[in-house]
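All remarks here apply to the structure that follows.
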Amino acid sequence: MSLDQATVDLLRRLAPQVLATLVRRYGDFGRAEDAVQEALVVAVERWPLDGVPEQPSGWLHTVAARRYVDLVRTESARTRRERTALDLTPRDALVAPPPDVAAPCDDLLELFLLCCHPALPAPAQLALTLRAVGGLTTAEVAAAFLVSERTMGQRISRAKQRLREAGARFAPPPEAERDARLAVVRQVLYLMFNEGYSASSGPHLRRADLTGQALRLTRRLHERLPDDGETAGLLALMLLTEARAAARVGPDGDLVPLAEQDRRRWDRAAIQEGCALVERTLATSPPGPYQVQAAIAAVHAEAPGTEATDWPQVLALYELLERLAPNPVVTLNRAVAVGMVHGPAAGLTLLSELESGLLAGHHRLHAVRAHLLELADDQAAAAAQWRTAATLAGSEPERRYLLRRAAAASDPSSAAM
């Protein structure tokens, strides 16, 4: 027997909370994370047979705490220091809290900050937090970093060891480190949301559990730091992007691009909240990359259709974003706006700058080129680019969509039928 999706989602949601509680009590991230992973294995084995416990959080915490003590006892047999550490462990720390006792409200955010410890290089910070707090599997984190699962597993193990060696504790960071670590936290939340909104692989286009988790944590971060412009911008970006989620997936589960979406299905309450955040933060703080991305999303959200979109404003915002945070993905998106404002030939010229960079061989580079070629009425070349993009896409729904676009470009009459 296997767990149903609702139970899998429940475990994904509970695991970071239990991990945060263990790290707060014991102060050892590495062992606590190992203990939670072992508890999850037990849950996967037992819950299909015994049913989901009445208090699943308490059950998971109890099993994880016992596994933690087992780990300490095993190692304590080797050294007196470890035996002393076990003897000093409070006995009540081995008991799960009563069901009606809520966990400290900021545990997850403190756990994020711990994972973003300066003893770790930035890639390791991102990988560790995505794995331990974001709920991504090692394979999913590896896909986000374009490395093998084995390489990513080793990287995460080294990161946990370095935290232990640095004596990292579950506590707010020193003031001098706060801004840098918060920037990494925001980037982790952004990557988590993106993986949920456009799954890098698998049979589904999106993963609502990840987008929901990223939104919840970002909202909590904003509540804790209401005057932080970039946190507000990140929350606005997520709201405005997720507002399109229902219209982005067709009846068959395949991708529906922005230009073809039924905008009546967009979540207007989320759009209103996101636009209000954008207006407020741009008026009160210097613009940052997340605020500018949110402003671009707001322009799209407020337009009644693709043709009515204020493309010159979108282009101006992408030019600002490229100055603030230059990267190939921004240039790729700017090429679309350039094509809409100055014509497809101008957009294709800009794309040529990306052919030898990090996006070379990425399916989205070929998809954007195909789109611009269609605007230039070069259907044969567009069809070839759609097919190439399809062969490179990791998501099954996205691959099917790209193949349909290739077929339509090859035989335009079939698309009209």
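If you're wondering about the labels, chains in the structure tokens are A, B, ... by order shown, residues count from 1 in each chain, ligands from 1 in order shown.
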May I have the residues within 12 Å of Asp267 (chain A) as a list in words, using only C-alpha atoms and disregarding those fewer than 5 positions away in the same chain? Leu239, Leu240, Thr241, Glu242, Ala243, Arg244, Ala245, Ala246, Ala247, Arg248, Asp262, Gln272, Glu273, Gly274, Ala301 and Glu302 of chain A
Long-range neighbours of Asn327 (chain A) as a PDB file with C-alpha atoms, in the first residue's frame, 12 Å cut-off, only C-alpha atoms, 5 positions minimum in chain:
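This went into part_19.pdb:
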```pdb
ATOM      1  CA  PRO A 289      14.593  42.886  -8.236  1.00  0.00           C
ATOM      2  CA  TYR A 318      12.725  44.489 -17.788  1.00  0.00           C
ATOM      3  CA  GLU A 319      15.454  46.964 -18.700  1.00  0.00           C
ATOM      4  CA  LEU A 321      15.470  44.616 -13.808  1.00  0.00           C
ATOM      5  CA  GLU A 322      18.434  43.769 -16.010  1.00  0.00           C
ATOM      6  CA  LEU A 332      15.284  35.978 -22.333  1.00  0.00           C
ATOM      7  CA  ASN A 333      12.127  37.621 -21.009  1.00  0.00           C
ATOM      8  CA  ARG A 334      13.259  41.030 -22.238  1.00  0.00           C
ATOM      9  CA  GLU A 353      23.417  36.910 -27.222  1.00  0.00           C
ATOM     10  CA  LEU A 354      22.240  33.907 -25.172  1.00  0.00           C
ATOM     11  CA  GLY A 357      25.664  31.121 -22.281  1.00  0.00           C
ATOM     12  CA  LEU A 358      23.988  29.225 -19.464  1.00  0.00           C
ATOM     13  CA  LEU A 359      20.710  28.956 -21.379  1.00  0.00           C
TER      14      LEU A 359
END
```
Close residues, region 184-191 of chain A itself excluded, 9 Å, only C-alpha atoms, min 4 positions apart in chain, as a ChimeraX atom specification: /A:109,112-113,115-116,122,125-127,129-130,134,144,179-180,195-196,213-215,217-218,230-231,234,238
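Relative to CA of Thr331 (chain A), CA of Leu365 (chain A) is found at 10.4 Å.
The coordinates place CA of Pro286 (chain A) at 26.2 Å from CA of Glu110 (chain A).
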Those of region 214-350 of chain A in DSSP helix (DSSP H, G or I), formatted as a PyMOL selection string: chain A and resi 214-224+229-242+245-248+258-260+263-265+268-284+289-302+311-324+328-342+344-350
List the spatial neighbours of Asp378 (chain A) as a PDB file with N, CA and C atoms, in the first residue's frame - criterion: any atom at most 12 Å away, only C-alpha atoms, same-chain residues fewer than 5 positions off excluded.
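Contents of the output file part_35.pdb:
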```
ATOM      1  N   PRO A 344       9.612  41.247 -34.108  1.00  0.00           N
ATOM      2  CA  PRO A 344      10.273  39.981 -33.802  1.00  0.00           C
ATOM      3  C   PRO A 344      11.740  39.929 -34.202  1.00  0.00           C
ATOM      4  N   ALA A 345      12.118  40.629 -35.267  1.00  0.00           N
ATOM      5  CA  ALA A 345      13.524  40.604 -35.688  1.00  0.00           C
ATOM      6  C   ALA A 345      14.426  41.157 -34.584  1.00  0.00           C
ATOM      7  N   ARG A 369      12.448  31.534 -29.027  1.00  0.00           N
ATOM      8  CA  ARG A 369      12.826  31.736 -30.425  1.00  0.00           C
ATOM      9  C   ARG A 369      11.697  31.296 -31.360  1.00  0.00           C
ATOM     10  N   ALA A 370      11.065  30.161 -31.033  1.00  0.00           N
ATOM     11  CA  ALA A 370       9.942  29.695 -31.855  1.00  0.00           C
ATOM     12  C   ALA A 370       8.808  30.707 -31.855  1.00  0.00           C
ATOM     13  N   HIS A 371       8.514  31.277 -30.684  1.00  0.00           N
ATOM     14  CA  HIS A 371       7.445  32.272 -30.585  1.00  0.00           C
ATOM     15  C   HIS A 371       7.744  33.487 -31.462  1.00  0.00           C
ATOM     16  N   LEU A 372       8.978  33.971 -31.413  1.00  0.00           N
ATOM     17  CA  LEU A 372       9.346  35.151 -32.205  1.00  0.00           C
ATOM     18  C   LEU A 372       9.355  34.825 -33.699  1.00  0.00           C
ATOM     19  N   LEU A 373       9.760  33.606 -34.042  1.00  0.00           N
ATOM     20  CA  LEU A 373       9.735  33.200 -35.447  1.00  0.00           C
ATOM     21  C   LEU A 373       8.301  33.131 -35.968  1.00  0.00           C
ATOM     22  N   ALA A 383       8.459  25.750 -36.251  1.00  0.00           N
ATOM     23  CA  ALA A 383       8.136  24.354 -35.952  1.00  0.00           C
ATOM     24  C   ALA A 383       9.370  23.595 -35.506  1.00  0.00           C
ATOM     25  N   ALA A 384      10.496  23.827 -36.167  1.00  0.00           N
ATOM     26  CA  ALA A 384      11.739  23.148 -35.789  1.00  0.00           C
ATOM     27  C   ALA A 384      12.164  23.528 -34.371  1.00  0.00           C
ATOM     28  N   GLN A 385      12.008  24.816 -34.026  1.00  0.00           N
ATOM     29  CA  GLN A 385      12.377  25.261 -32.679  1.00  0.00           C
ATOM     30  C   GLN A 385      11.425  24.699 -31.625  1.00  0.00           C
ATOM     31  N   ALA A 409       2.489  24.725 -36.118  1.00  0.00           N
ATOM     32  CA  ALA A 409       3.331  25.549 -36.986  1.00  0.00           C
ATOM     33  C   ALA A 409       3.648  24.816 -38.290  1.00  0.00           C
ATOM     34  N   SER A 410       3.727  23.482 -38.212  1.00  0.00           N
ATOM     35  CA  SER A 410       3.999  22.705 -39.424  1.00  0.00           C
ATOM     36  C   SER A 410       2.805  22.687 -40.364  1.00  0.00           C
ATOM     37  N   PRO A 412      -0.432  24.979 -40.318  1.00  0.00           N
ATOM     38  CA  PRO A 412      -1.267  26.038 -39.725  1.00  0.00           C
ATOM     39  C   PRO A 412      -2.751  25.797 -39.900  1.00  0.00           C
TER      40      PRO A 412
END
```
In Å, how far is it from CA of Ala15 (chain A) to CA of Arg31 (chain A)?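 Taking CA of Ala15 (chain A) as the start and CA of Arg31 (chain A) as the end point, the length is 14.2 Å.
Comparing A:Ala171, A:Leu71, A:Leu11, A:Leu375 by their smallest distance to Leu136 (chain A), the closest is A:Leu11 (using only C-alpha atoms).
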Could you give me, as JSON, numbers by chain, the residues within 7 Å of Arg206 (chain A), counting only C-alpha atoms and dropping anything in the same chain fewer than 2 positions from it? {"A": [196, 197, 198, 199, 204, 208]}
Quick one: residues within 8 Å of Ala367 (chain A), only C-alpha atoms, excluding same-chain residues fewer than 6 positions away - as a PyMOL selection string? chain A and resi 385-386+389+402
Residues near Glu260 (chain A), cut-off 10 Å, only C-alpha atoms, skip fewer than 3 positions along chain, as a list in words: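 Answer for this query is Ala247, Arg248, Leu255, Val256, Pro257, Arg263, Gly305 and Thr306 of chain A.
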Given the selection you just returned, output its residues as a file containing N, CA, C and O atoms, formatted as a tab-separated table (two decimals), in the first residue's frame.
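Heads up, here's the output in part-v8.tsv:
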```tsv
chain	number	residue	atom	x	y	z
A	247	ALA	N	-6.10	29.09	-14.54
A	247	ALA	CA	-6.25	29.25	-15.99
A	247	ALA	C	-5.05	28.73	-16.76
A	247	ALA	O	-5.09	28.64	-17.99
A	248	ARG	N	-3.99	28.39	-16.06
A	248	ARG	CA	-2.74	28.00	-16.71
A	248	ARG	C	-2.69	26.51	-17.06
A	248	ARG	O	-1.83	26.07	-17.81
A	255	LEU	N	-0.13	22.62	-20.29
A	255	LEU	CA	0.13	24.05	-20.14
A	255	LEU	C	-0.76	24.88	-21.05
A	255	LEU	O	-0.95	24.57	-22.22
A	256	VAL	N	-1.32	25.95	-20.49
A	256	VAL	CA	-2.03	26.97	-21.26
A	256	VAL	C	-1.21	28.26	-21.11
A	256	VAL	O	-1.13	28.81	-20.01
A	257	PRO	N	-0.56	28.76	-22.17
A	257	PRO	CA	0.29	29.94	-22.04
A	257	PRO	C	-0.53	31.19	-21.75
A	257	PRO	O	-1.74	31.23	-21.94
A	263	ARG	N	-8.84	34.82	-18.80
A	263	ARG	CA	-8.52	35.70	-17.67
A	263	ARG	C	-9.67	35.84	-16.69
A	263	ARG	O	-9.48	36.34	-15.59
A	305	GLY	N	-6.05	41.64	-22.03
A	305	GLY	CA	-5.59	40.63	-22.97
A	305	GLY	C	-4.17	40.91	-23.39
A	305	GLY	O	-3.59	41.95	-23.05
A	306	THR	N	-3.59	39.99	-24.17
A	306	THR	CA	-2.19	40.12	-24.57
A	306	THR	C	-1.98	41.38	-25.41
A	306	THR	O	-1.04	42.14	-25.19
```
Which residue, A:Glu175, A:Asp411, A:Asp377, A:Asp228, has the smallest gap to Leu282 (chain A) when you use only C-alpha atoms?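 Closest residue, counting only C-alpha atoms: A:Asp228.
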Which one of A:Pro328, A:Ala32, A:Ala183, A:His300 sits closest to Ser356 (chain A) if you count only C-alpha atoms?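 Ranked by minimum distance to Ser356 (chain A), first place goes to A:Pro328.
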